[in-house]
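Colleague: Here you go, data.cif (mmCIF, C-alpha atoms):
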```
data_final
#
loop_
_atom_site.label_atom_id
_atom_site.label_comp_id
_atom_site.auth_asym_id
_atom_site.auth_seq_id
_atom_site.Cartn_x
_atom_site.Cartn_y
_atom_site.Cartn_z
CA MET A 671 250.65 169.60 -18.66
CA ASN A 672 247.52 169.62 -20.74
CA ASN A 673 247.22 165.86 -20.52
CA ARG A 674 247.46 166.08 -16.77
CA LEU A 675 244.70 168.68 -16.72
CA LYS A 676 242.55 166.44 -18.86
CA THR A 677 242.83 163.52 -16.48
CA ILE A 678 242.14 165.72 -13.45
CA ILE A 679 239.00 167.13 -15.02
CA GLU A 680 237.90 163.66 -16.05
CA ALA A 681 238.27 162.54 -12.44
CA LEU A 682 236.31 165.53 -11.17
CA ILE A 683 233.43 164.87 -13.54
CA PHE A 684 233.49 161.18 -12.72
CA ILE A 685 233.16 161.77 -9.02
CA SER A 686 230.32 164.28 -9.35
CA GLN A 687 226.85 162.89 -9.07
CA LYS A 688 225.30 165.92 -10.63
CA PRO A 689 226.45 167.98 -13.60
CA LEU A 690 229.77 169.67 -12.76
CA THR A 691 229.82 173.24 -13.96
CA LEU A 692 232.72 174.96 -15.66
CA GLU A 693 232.84 177.52 -12.82
CA LYS A 694 233.14 174.76 -10.27
CA ILE A 695 235.96 173.11 -12.23
CA LYS A 696 237.78 176.43 -12.42
CA ASP A 697 237.21 177.01 -8.71
CA VAL A 698 238.83 173.73 -7.86
CA LEU A 699 241.66 174.15 -10.33
CA GLU A 700 242.43 177.72 -9.35
CA GLU A 701 246.16 177.30 -10.00
CA PHE A 702 245.58 176.63 -13.68
CA PRO A 703 245.00 179.28 -16.33
CA SER A 704 241.37 179.43 -17.34
CA LYS A 705 242.27 179.15 -21.01
CA ASP A 706 244.11 175.86 -20.46
CA ILE A 707 241.11 174.44 -18.64
CA ASP A 708 238.78 175.36 -21.49
CA GLN A 709 241.07 173.65 -23.94
CA ALA A 710 241.50 170.57 -21.77
CA ILE A 711 237.73 170.15 -21.51
CA GLU A 712 237.40 170.54 -25.25
CA GLU A 713 239.95 167.78 -25.81
CA LEU A 714 238.44 165.60 -23.13
CA LEU A 715 234.99 165.77 -24.71
CA GLN A 716 236.51 164.93 -28.05
CA SER A 717 238.35 161.89 -26.77
CA PHE A 718 235.13 160.61 -25.23
CA SER A 719 233.08 161.07 -28.36
CA SER A 720 234.84 158.20 -30.11
CA ASN A 721 233.06 154.91 -30.63
CA GLU A 722 235.58 153.09 -28.51
CA ARG A 723 234.03 154.25 -25.29
CA GLY A 724 230.92 152.95 -23.59
CA ILE A 725 230.47 156.13 -21.65
CA GLN A 726 230.40 159.72 -22.75
CA ILE A 727 230.58 163.13 -21.15
CA ILE A 728 227.52 165.18 -21.99
CA PRO A 729 226.72 168.82 -21.28
CA SER A 730 223.75 168.95 -18.94
CA ALA A 731 222.13 171.73 -16.91
CA GLY A 732 225.12 173.99 -17.53
CA GLY A 733 227.66 171.39 -16.49
CA TYR A 734 229.22 168.12 -17.53
CA ILE A 735 228.18 164.64 -16.51
CA PHE A 736 229.05 161.06 -17.36
CA ALA A 737 226.34 159.17 -19.17
CA THR A 738 225.98 155.88 -21.00
CA LYS A 739 224.95 155.68 -24.62
CA PRO A 740 221.34 155.06 -25.67
CA GLU A 741 222.21 151.90 -27.57
CA ASP A 742 223.44 150.20 -24.39
CA ASP A 743 220.24 150.78 -22.48
CA ARG A 744 218.94 147.21 -22.77
CA TRP A 745 222.12 145.70 -21.35
CA ILE A 746 222.14 148.10 -18.43
CA ARG A 747 218.53 147.36 -17.65
CA ARG A 748 219.28 143.65 -17.73
CA LEU A 749 222.11 144.14 -15.25
CA LEU A 750 220.01 146.24 -12.92
CA MET A 751 216.94 144.08 -13.46
CA ILE A 752 214.85 147.08 -14.37
CA GLU A 753 212.08 146.37 -16.83
CA ARG A 754 211.77 149.96 -17.94
CA LYS A 755 212.21 153.36 -16.47
CA ASN A 756 209.08 155.14 -15.38
CA LYS A 757 207.93 157.98 -17.54
CA LEU A 758 206.29 161.03 -16.08
CA SER A 759 202.51 161.06 -16.08
CA LEU A 760 200.77 163.18 -18.67
CA ALA A 761 199.61 165.58 -15.96
CA ALA A 762 203.17 165.92 -14.65
CA LEU A 763 204.54 166.47 -18.12
CA GLU A 764 201.98 169.16 -18.96
CA THR A 765 202.51 170.92 -15.67
CA LEU A 766 206.27 170.87 -16.21
CA SER A 767 206.02 172.30 -19.70
CA THR A 768 203.66 175.00 -18.44
CA ILE A 769 206.15 175.96 -15.75
CA ALA A 770 209.11 175.71 -18.11
CA TYR A 771 207.65 178.16 -20.61
CA HIS A 772 205.98 180.57 -18.19
CA GLN A 773 208.28 180.66 -15.20
CA PRO A 774 208.28 182.17 -12.65
CA ILE A 775 204.68 181.09 -12.20
CA THR A 776 202.10 180.45 -9.46
CA LEU A 777 199.78 177.51 -8.94
CA SER A 778 196.68 179.39 -10.05
CA GLU A 779 198.41 180.53 -13.22
CA ILE A 780 199.47 176.97 -13.98
CA SER A 781 195.95 175.69 -13.36
CA ALA A 782 194.53 178.35 -15.65
CA LEU A 783 196.89 177.51 -18.48
CA ARG A 784 196.37 173.79 -18.08
CA ASP A 785 192.64 174.35 -17.66
CA THR A 786 192.62 172.00 -14.69
CA ASP A 787 193.55 172.04 -11.02
CA SER A 788 197.25 171.25 -10.74
CA SER A 789 197.93 171.36 -7.01
CA HIS A 790 198.38 167.64 -6.63
CA THR A 791 200.69 167.35 -9.63
CA LEU A 792 202.72 170.26 -8.35
CA LYS A 793 203.36 168.45 -5.08
CA THR A 794 204.53 165.37 -6.96
CA LEU A 795 206.92 167.45 -9.04
CA LEU A 796 208.32 169.19 -5.96
CA HIS A 797 208.82 165.81 -4.38
CA LYS A 798 210.71 164.66 -7.45
CA LYS A 799 212.73 167.90 -7.27
CA LEU A 800 211.94 168.70 -10.90
CA ILE A 801 210.65 172.09 -9.80
CA LYS A 802 211.48 174.43 -6.94
CA ILE A 803 209.85 177.19 -4.97
CA VAL A 804 211.62 180.49 -5.51
CA GLY A 805 209.55 182.82 -3.36
CA ARG A 806 206.15 184.38 -2.97
CA LYS A 807 204.35 186.67 -5.33
CA LYS A 808 203.53 190.13 -4.04
CA SER A 809 199.85 189.78 -4.77
CA PRO A 810 196.82 188.95 -2.61
CA GLY A 811 197.32 185.69 -0.79
CA ARG A 812 201.06 185.85 -1.45
CA PRO A 813 201.05 182.67 -3.55
CA LEU A 814 204.22 180.61 -3.94
CA ILE A 815 206.23 181.03 -7.12
CA TYR A 816 207.66 178.03 -8.93
CA ARG A 817 210.52 177.45 -11.34
CA THR A 818 212.02 174.40 -12.99
CA SER A 819 215.14 173.02 -11.32
CA ASP A 820 218.52 171.89 -12.64
CA LYS A 821 217.25 168.37 -12.27
CA PHE A 822 214.54 169.25 -14.77
CA LEU A 823 217.21 170.20 -17.31
CA THR A 824 219.18 167.01 -16.71
CA TYR A 825 216.02 164.91 -16.91
CA PHE A 826 215.18 166.22 -20.37
CA GLY A 827 218.79 166.35 -21.55
CA LEU A 828 218.93 170.14 -21.73
CA ASN A 829 221.95 172.28 -21.06
CA SER A 830 219.92 175.38 -20.29
CA LEU A 831 216.36 176.63 -20.58
CA SER A 832 217.25 178.18 -23.93
CA GLU A 833 217.45 174.65 -25.30
CA LEU A 834 213.77 174.04 -24.68
CA PRO A 835 211.85 173.34 -27.89
CA THR A 836 211.48 176.66 -29.73
CA GLN A 837 208.26 178.38 -30.74
CA GLU A 838 208.84 177.21 -34.32
CA GLU A 839 209.09 173.58 -33.27
CA ILE A 840 205.97 173.96 -31.17
CA SER A 841 204.06 175.62 -34.01
CA LYS A 842 205.05 172.77 -36.29
CA ILE A 843 203.63 170.22 -33.89
CA MET A 844 200.50 172.35 -33.55
CA GLU A 845 199.96 172.34 -37.29
CA GLU A 846 200.37 168.61 -37.44
CA GLY A 847 197.69 168.52 -34.79
CA GLU A 848 199.56 165.66 -33.30
CA ASP A 849 198.12 164.66 -29.99
CA ILE A 850 200.21 163.51 -27.14
CA LYS A 851 200.06 159.88 -26.33
CA GLU A 852 199.96 158.67 -22.81
CA MET B 444 173.50 170.07 -37.63
CA GLU B 445 174.81 169.84 -41.15
CA SER B 446 178.22 168.59 -40.11
CA ALA B 447 178.29 164.82 -40.29
CA GLU B 448 178.37 163.39 -36.81
CA THR B 449 180.60 160.50 -37.58
CA TYR B 450 181.76 159.90 -34.08
CA GLN B 451 181.12 161.22 -30.64
CA VAL B 452 183.70 160.90 -27.96
CA ASN B 453 182.80 160.54 -24.35
CA LEU B 454 183.06 163.65 -22.26
CA GLU B 455 185.23 161.82 -19.75
CA VAL B 456 188.19 161.65 -22.10
CA PHE B 457 188.56 165.40 -22.16
CA GLN B 458 190.79 166.89 -19.53
CA GLY B 459 188.85 170.10 -19.43
CA PRO B 460 186.59 172.38 -21.44
CA LEU B 461 189.47 173.73 -23.53
CA ASP B 462 190.43 170.20 -24.47
CA LEU B 463 186.89 169.55 -25.69
CA LEU B 464 186.70 172.86 -27.50
CA LEU B 465 189.99 172.22 -29.25
CA PHE B 466 188.79 168.80 -30.28
CA LEU B 467 185.64 170.28 -31.83
CA ILE B 468 187.65 172.94 -33.64
CA ARG B 469 190.07 170.37 -35.04
CA LYS B 470 187.30 168.01 -36.03
CA GLN B 471 185.71 170.71 -38.13
CA LYS B 472 189.04 172.01 -39.40
CA ILE B 473 188.18 175.52 -38.28
CA ASP B 474 190.66 178.35 -38.09
CA ILE B 475 191.21 178.89 -34.41
CA HIS B 476 191.42 182.66 -34.94
CA ASP B 477 188.02 182.78 -36.56
CA ILE B 478 185.75 180.44 -34.66
CA PRO B 479 182.13 180.31 -35.81
CA VAL B 480 180.81 180.72 -32.31
CA ALA B 481 177.22 179.74 -33.05
CA THR B 482 178.19 176.38 -34.56
CA ILE B 483 180.78 175.56 -31.96
CA THR B 484 178.50 176.52 -29.09
CA GLN B 485 175.82 174.22 -30.41
CA GLU B 486 178.26 171.33 -30.78
CA TYR B 487 179.68 171.99 -27.37
CA LEU B 488 176.24 171.99 -25.76
CA GLN B 489 175.42 168.72 -27.48
CA TYR B 490 178.33 167.18 -25.67
CA LEU B 491 177.10 168.40 -22.34
CA GLU B 492 173.59 167.16 -23.05
CA GLN B 493 174.86 163.64 -23.51
CA LYS B 494 175.27 163.48 -19.82
CA GLU B 495 172.15 162.65 -17.94
CA LYS B 496 173.55 163.63 -14.63
CA ILE B 497 176.00 166.41 -14.10
CA ASN B 498 178.83 165.71 -11.75
CA LEU B 499 179.29 169.19 -10.40
CA ASP B 500 182.84 168.81 -9.21
CA ARG B 501 184.15 168.07 -12.64
CA GLU B 502 181.58 169.44 -15.00
CA ALA B 503 181.13 172.83 -13.40
CA GLU B 504 184.08 173.96 -15.50
CA PHE B 505 182.44 172.60 -18.62
CA LEU B 506 179.28 174.52 -17.77
CA LEU B 507 181.25 177.66 -17.13
CA MET B 508 182.73 177.38 -20.60
CA ALA B 509 179.25 176.85 -22.05
CA ALA B 510 178.13 180.04 -20.38
CA LEU B 511 181.14 181.87 -21.79
CA LEU B 512 180.42 180.60 -25.29
CA ILE B 513 176.82 181.71 -25.10
CA TYR B 514 177.92 185.08 -23.82
CA ILE B 515 180.36 185.51 -26.68
CA LYS B 516 177.71 184.43 -29.13
CA SER B 517 175.30 187.04 -27.79
CA GLN B 518 178.01 189.70 -27.94
CA MET B 519 178.59 188.91 -31.56
CA LEU B 520 174.90 189.04 -32.39
CA LEU B 521 174.45 192.48 -30.93
CA PRO B 522 174.37 195.13 -33.59
CA ARG B 523 177.23 197.55 -33.33
CA GLU B 524 177.18 201.17 -34.18
CA ALA B 525 180.60 201.25 -35.59
CA THR B 526 182.87 198.37 -36.38
CA LEU B 527 186.07 200.09 -35.54
CA GLU B 528 189.10 198.02 -36.20
CA GLU B 529 190.43 198.49 -32.71
CA GLU B 530 187.25 197.22 -31.20
CA GLU B 531 187.96 194.02 -29.41
CA ASP B 532 186.61 190.83 -30.85
CA PRO B 533 184.62 189.15 -28.05
CA ARG B 534 186.30 185.89 -28.99
CA GLN B 535 189.78 187.27 -28.45
CA SER B 536 190.47 186.22 -24.90
CA LEU B 537 189.10 182.74 -25.54
CA VAL B 538 191.29 182.44 -28.63
CA HIS B 539 194.30 183.39 -26.50
CA ARG B 540 193.45 180.74 -23.97
CA LEU B 541 192.98 178.14 -26.67
CA LEU B 542 196.28 179.01 -28.30
CA ASP B 543 198.12 178.86 -24.98
CA TYR B 544 196.50 175.56 -24.23
CA GLN B 545 197.43 174.21 -27.64
CA LYS B 546 200.99 175.39 -27.16
CA MET B 547 201.18 173.67 -23.80
CA LYS B 548 199.98 170.42 -25.37
CA ALA B 549 202.45 170.68 -28.23
CA ALA B 550 205.34 171.51 -25.90
CA SER B 551 204.43 168.48 -23.81
CA THR B 552 204.61 166.28 -26.89
CA LEU B 553 208.11 167.57 -27.59
CA LEU B 554 209.21 167.11 -24.00
CA ARG B 555 207.83 163.57 -24.08
CA LYS B 556 210.15 162.84 -27.02
CA LYS B 557 213.12 164.30 -25.20
CA GLU B 558 212.26 162.28 -22.13
CA ALA B 559 212.18 159.08 -24.19
CA GLU B 560 215.64 159.85 -25.58
CA GLU B 561 217.07 160.69 -22.19
CA LEU B 562 215.63 157.65 -20.45
CA LEU B 563 217.91 155.54 -22.63
CA LYS B 564 220.97 157.23 -21.20
CA TRP B 565 222.06 156.36 -17.71
CA LYS B 566 223.67 159.22 -15.94
CA ARG B 567 225.68 159.47 -12.79
CA THR B 568 222.66 161.18 -11.24
CA PHE B 569 220.99 157.77 -11.15
CA LEU B 570 223.65 156.23 -8.96
CA PRO B 571 223.56 154.20 -6.88
CA PRO B 572 221.45 152.35 -9.41
CA PHE B 573 219.84 149.81 -7.17
CA LEU B 574 218.11 152.62 -5.33
CA GLU B 575 216.48 153.93 -8.48
CA THR B 576 212.98 152.94 -7.52
CA GLU B 577 211.23 154.81 -4.76
CA ASP B 578 211.20 152.00 -2.24
CA LEU B 579 214.74 152.43 -0.99
CA ASP B 580 216.44 149.89 1.24
CA LEU B 581 213.34 148.74 2.97
CA ILE B 582 213.77 146.57 6.00
CA GLU B 583 210.79 144.51 6.89
CA VAL B 584 210.15 144.82 10.61
CA SER B 585 209.57 141.85 12.87
CA LEU B 586 206.65 141.20 15.16
CA PHE B 587 208.82 142.28 18.09
CA ASP B 588 209.57 145.64 16.52
CA LEU B 589 205.89 146.17 15.94
CA ALA B 590 204.93 145.17 19.46
CA GLU B 591 207.63 147.40 20.88
CA ALA B 592 206.51 150.34 18.82
CA PHE B 593 202.93 149.66 19.86
CA PHE B 594 203.77 149.60 23.57
CA THR B 595 205.79 152.79 23.23
CA VAL B 596 202.79 154.60 21.82
CA MET B 597 200.49 153.11 24.43
CA LYS B 598 202.81 154.17 27.24
CA LYS B 599 202.79 157.71 25.96
CA LYS B 600 199.05 157.62 25.79
CA GLU B 601 198.66 156.25 29.29
CA ARG B 602 199.29 159.67 30.67
CA GLY B 603 196.04 160.87 29.21
CA ASP B 604 192.60 159.63 30.20
CA PHE B 605 193.18 156.78 27.91
CA GLN B 606 193.03 153.71 30.11
CA VAL B 607 189.28 153.92 30.61
CA ILE B 608 187.66 151.59 28.17
CA LYS B 609 184.60 153.29 26.84
CA ARG B 610 181.57 151.39 25.67
CA LYS B 611 181.96 151.34 22.00
CA GLU B 612 182.34 148.20 20.01
CA TYR B 613 185.18 147.88 17.56
CA SER B 614 185.41 144.87 15.35
CA VAL B 615 188.54 143.53 13.71
CA GLU B 616 186.64 143.49 10.41
CA GLU B 617 185.80 147.17 10.63
CA LYS B 618 189.29 148.16 11.61
CA THR B 619 190.77 146.02 8.88
CA GLU B 620 188.63 147.84 6.34
CA GLU B 621 189.60 151.18 7.84
CA ILE B 622 193.30 150.41 7.59
CA LEU B 623 192.94 149.20 4.01
CA ALA B 624 190.94 152.28 3.12
CA ILE B 625 193.68 154.54 4.49
CA LEU B 626 196.27 152.58 2.57
CA ARG B 627 194.37 152.79 -0.68
CA GLU B 628 194.08 156.52 -0.22
CA ASN B 629 197.59 157.33 0.95
CA SER B 630 199.76 154.44 -0.27
CA TYR B 631 201.27 154.10 3.19
CA LEU B 632 200.39 154.51 6.84
CA ASP B 633 202.70 155.82 9.51
CA PHE B 634 202.61 153.39 12.40
CA LEU B 635 203.16 155.83 15.28
CA ASP B 636 200.94 158.41 13.74
CA PHE B 637 198.13 155.94 13.25
CA PHE B 638 198.18 154.60 16.78
CA ALA B 639 198.53 158.02 18.28
CA ARG B 640 195.15 158.78 16.76
CA GLN B 641 193.33 155.87 18.39
CA VAL B 642 190.88 157.14 20.97
CA THR B 643 190.59 154.30 23.43
CA LEU B 644 192.80 151.45 24.47
CA GLU B 645 190.24 149.04 23.13
CA GLU B 646 190.28 150.71 19.77
CA ALA B 647 194.07 150.67 19.71
CA LEU B 648 194.16 146.98 20.60
CA VAL B 649 191.62 146.07 17.94
CA SER B 650 193.60 148.12 15.42
CA PHE B 651 196.79 146.37 16.38
CA PHE B 652 195.21 142.93 16.00
CA SER B 653 193.76 143.94 12.65
CA LEU B 654 197.17 145.10 11.50
CA LEU B 655 198.81 141.85 12.61
CA GLU B 656 196.16 139.87 10.76
CA LEU B 657 196.77 141.89 7.62
CA ILE B 658 200.52 141.33 7.87
CA LYS B 659 200.00 137.62 8.44
CA ALA B 660 197.81 137.41 5.36
CA ARG B 661 200.53 139.32 3.47
CA ARG B 662 198.02 141.95 2.46
CA VAL B 663 200.18 144.68 3.93
CA ILE B 664 203.84 144.92 4.76
CA ALA B 665 205.45 146.83 7.61
CA VAL B 666 208.82 148.30 6.77
CA GLN B 667 211.45 150.76 7.89
CA GLU B 668 213.49 152.74 5.42
CA LYS B 669 216.44 152.61 7.76
CA LEU B 670 217.00 151.10 11.15
CA PHE B 671 215.44 153.09 13.99
CA GLN B 672 213.33 155.10 11.61
CA SER B 673 209.60 155.24 11.87
CA ILE B 674 207.67 152.19 10.78
CA LYS B 675 205.52 152.48 7.71
CA VAL B 676 202.83 150.10 6.60
CA TRP B 677 202.42 149.57 2.88
CA ILE B 678 199.72 147.75 1.04
CA THR B 679 200.93 144.79 -1.02
CA LYS B 680 199.77 144.03 -4.51
CA ASP B 681 197.45 141.07 -4.75
CA PRO B 682 199.51 138.57 -6.74
CA ALA B 683 196.40 137.09 -8.33
CA THR B 684 194.85 140.22 -9.73
CA GLY B 685 197.63 142.75 -9.53
CA GLN B 686 195.11 144.92 -7.72
CA ASN B 687 195.58 146.44 -4.35
#
```
Mind converting the file's structure to structure tokens?
Modeller:
Amino acid sequence: MNNRLKTIIEALIFISQKPLTLEKIKDVLEEFPSKDIDQAIEELLQSFSSNERGIQIIPSAGGYIFATKPEDDRWIRRLLMIERKNKLSLAALETLSTIAYHQPITLSEISALRDTDSSHTLKTLLHKKLIKIVGRKKSPGRPLIYRTSDKFLTYFGLNSLSELPTQEEISKIMEEGEDIKE
Amino acid sequence: MESAETYQVNLEVFQGPLDLLLFLIRKQKIDIHDIPVATITQEYLQYLEQKEKINLDREAEFLLMAALLIYIKSQMLLPREATLEEEEDPRQSLVHRLLDYQKMKAASTLLRKKEAEELLKWKRTFLPPFLETEDLDLIEVSLFDLAEAFFTVMKKKERGDFQVIKRKEYSVEEKTEEILAILRENSYLDFLDFFARQVTLEEALVSFFSLLELIKARRVIAVQEKLFQSIKVWITKDPATGQN
């Protein structure tokens, strides 16, 4: 039975174009005991972690998703005829990290922390769906409030916001005085 | 200035006053919690003085910071009756801002690393892969599509007082420049939207000719994302220079 569960879950993850959460899997497989599902996923992840497979299942934004391995990147790009993937601009990256660490946050707060007007960058990020509007602040002008989205987590390979670089890691970089390269 | 001025960096490279301030602090290896305000203010002002002209849009913020530094400096010079421990250091709020700014920079560095790692993995979220770039399935529109779209807009306009040709000269050259200017600014131009904004029939006709000329010269391209969707005009990259 467990093997059957494993293949079903594998199929569900395969067909999902965004990370499939554990809750969703359990919703779909309501007939099966929750404990069995947990175990099946565990085994499934293990069987994919071997070197025999070109694809892996990775935890992402609180769910599971199929992904290729970093070492195969050049072959994939050759197939798709993509020279390189576009990185985010420095402004976009800084705005994202400001939002990530201070959310929920408004435009003026972001601009203050970044020490520069961020309205244009914010629009770009909304367009890319890396951030989302979650409401309006109950303060004069009722400014919009922003948060990072699930797509943000997937983009940076994070399972949840708690996996963001910690204060210690940040302090270490600060001591090194390493400056970000464009 | 006793500190050796080995190199001066152009003001333009700094994203904002905090960026410059942080640079000065690092250069002098100063403890951020204990900034010698007098020294730093002087250095900071030297940077501003480099500029002969002040571009107010951008440098107003730099001036504001200069004013803040001078204010803090004056606060620190003032004799105090009692130096209670709880008394707030006038530098405190600036130090907080600098630390937050520094944190933001450091966090961005770390996220940049994560991004680099993740970009090597291809996830199902990227599928279908051939649509990865922003220009989706673009269909280049034919002359007939353009003409049809043009006449549709003109018909709509006819109902207004539009058919009267007013005495104002429009040249193809001018219109061509106008279209290119819009494209440089906005990356694309919505066909219907653009023609709906033309004031007279003459202007619309001149615009249309200009657009056709641009398409013929391959300087712009008219496309639809899907059939029956609105037509968008994009600027093409000049193959010779790679410039727009």
Colleague: Kindly provide, as a list of chain:residue names, the residues of chain A having any atom no farther than 6 Å from an atom of chain B, counting all atoms listed in the file.
Modeller: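 Close enough to count are A:Gln687, A:Lys688, A:Phe736, A:Ala737, A:Thr738, A:Lys739, A:Pro740, A:Asp743, A:Glu764, A:Ser767, A:Asp785, A:Phe826, A:Gly827, A:Ile840, A:Ile843, A:Met844, A:Ile850.
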Colleague: Identify all residues satisfying the PyMOL selection byres ((chain A and resi 727) around 10) in the given file; provide them as number ranges by chain.
Modeller: A: 680, 683-684, 689, 714-719, 725-726, 728-730, 733-739; B: 566
Colleague: What is the CA of Thr482 in chain B to CA of Glu846 in chain A distance in Å?
Modeller: 23.7 Å
Colleague: Between CA of Ala761 in chain A and CA of Thr776 in chain A, measure the distance and give it in Å to one decimal.
Modeller: 16.4 Å
Colleague: Rounded to one decimal, what separation in Å do you get between CA of Val584 in chain B and CA of Lys755 in chain A?
Modeller: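 That distance, rounded to one decimal, is 28.5 Å.
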Colleague: Find the residues near Pro479 in chain B: any atom within 10 Å, counting only C-alpha atoms, skip ones fewer than 5 places away on the same chain, and give them as a PDB file with C-alpha atoms, keeping the file's coordinate frame.
Modeller:
```pdb
ATOM      1  CA  ILE B 468     187.650 172.940 -33.640  1.00  0.00           C
ATOM      2  CA  ILE B 473     188.180 175.520 -38.280  1.00  0.00           C
ATOM      3  CA  ASP B 474     190.660 178.350 -38.090  1.00  0.00           C
ATOM      4  CA  THR B 484     178.500 176.520 -29.090  1.00  0.00           C
ATOM      5  CA  LYS B 516     177.710 184.430 -29.130  1.00  0.00           C
ATOM      6  CA  ARG B 534     186.300 185.890 -28.990  1.00  0.00           C
TER       7      ARG B 534
END
```
Colleague: Quick one: apply the PyMOL selection byres ((chain B and resi 520) around 12) to the file and drop the selected residues here as an NGL selection string.
Modeller: :B and (479-481 or 513-519 or 521-523 or 532-533)
Colleague: Quick one: which residues end up in the PyMOL selection byres ((chain B and resi 621-625) around 12) for this structure, as an NGL selection string?
Modeller: :B and (613-620 or 626-634 or 637-638 or 646 or 649-658 or 662-664 or 676-679 or 687)
Colleague: Nearest residue to Thr824 in chain A out of A:Arg748, A:Lys799, A:Arg784, A:Lys842, using all atoms listed in the file?
Modeller: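 Checking each candidate against Thr824 in chain A, we get A:Lys799 as the closest.
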Colleague: Mind listing whatever residues come within 12 Å of the point (209.9, 168.2, -12.5)? Use only C-alpha atoms, file coordinates, and give them as JSON, numbers by chain.
Modeller: {"A": [757, 758, 759, 761, 762, 763, 764, 765, 766, 767, 768, 769, 770, 791, 792, 793, 794, 795, 796, 797, 798, 799, 800, 801, 802, 803, 816, 817, 818, 819, 820, 821, 822, 823, 824, 825, 826], "B": [554, 558]}
Colleague: Given the choices A:Ile815, A:Ile695, A:Ala731, A:Ala782, which gets closest to Ala681 in chain A if the distance is worked out from all atoms listed in the file?
Modeller: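 Residue with the minimum atom-to-atom distance to Ala681 in chain A: A:Ile695.
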Colleague: Near Ala639 in chain B, counting all atoms listed in the file, which residues have an atom at most 8 Å away, once you skip same-chain residues fewer than 2 positions from it, shown as a list in words?
Modeller: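 Everything that qualifies: Val596, Lys600, Leu635, Asp636, Phe637 and Gln641 of chain B.
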Colleague: For Asp706 in chain A, which residue out of A:Leu690, A:Ile685, A:Leu675, A:Leu834 is the nearest one, using all atoms listed in the file?
Modeller: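 Going through A:Leu690, A:Ile685, A:Leu675, A:Leu834 one by one, the smallest distance to Asp706 in chain A is for A:Leu675.
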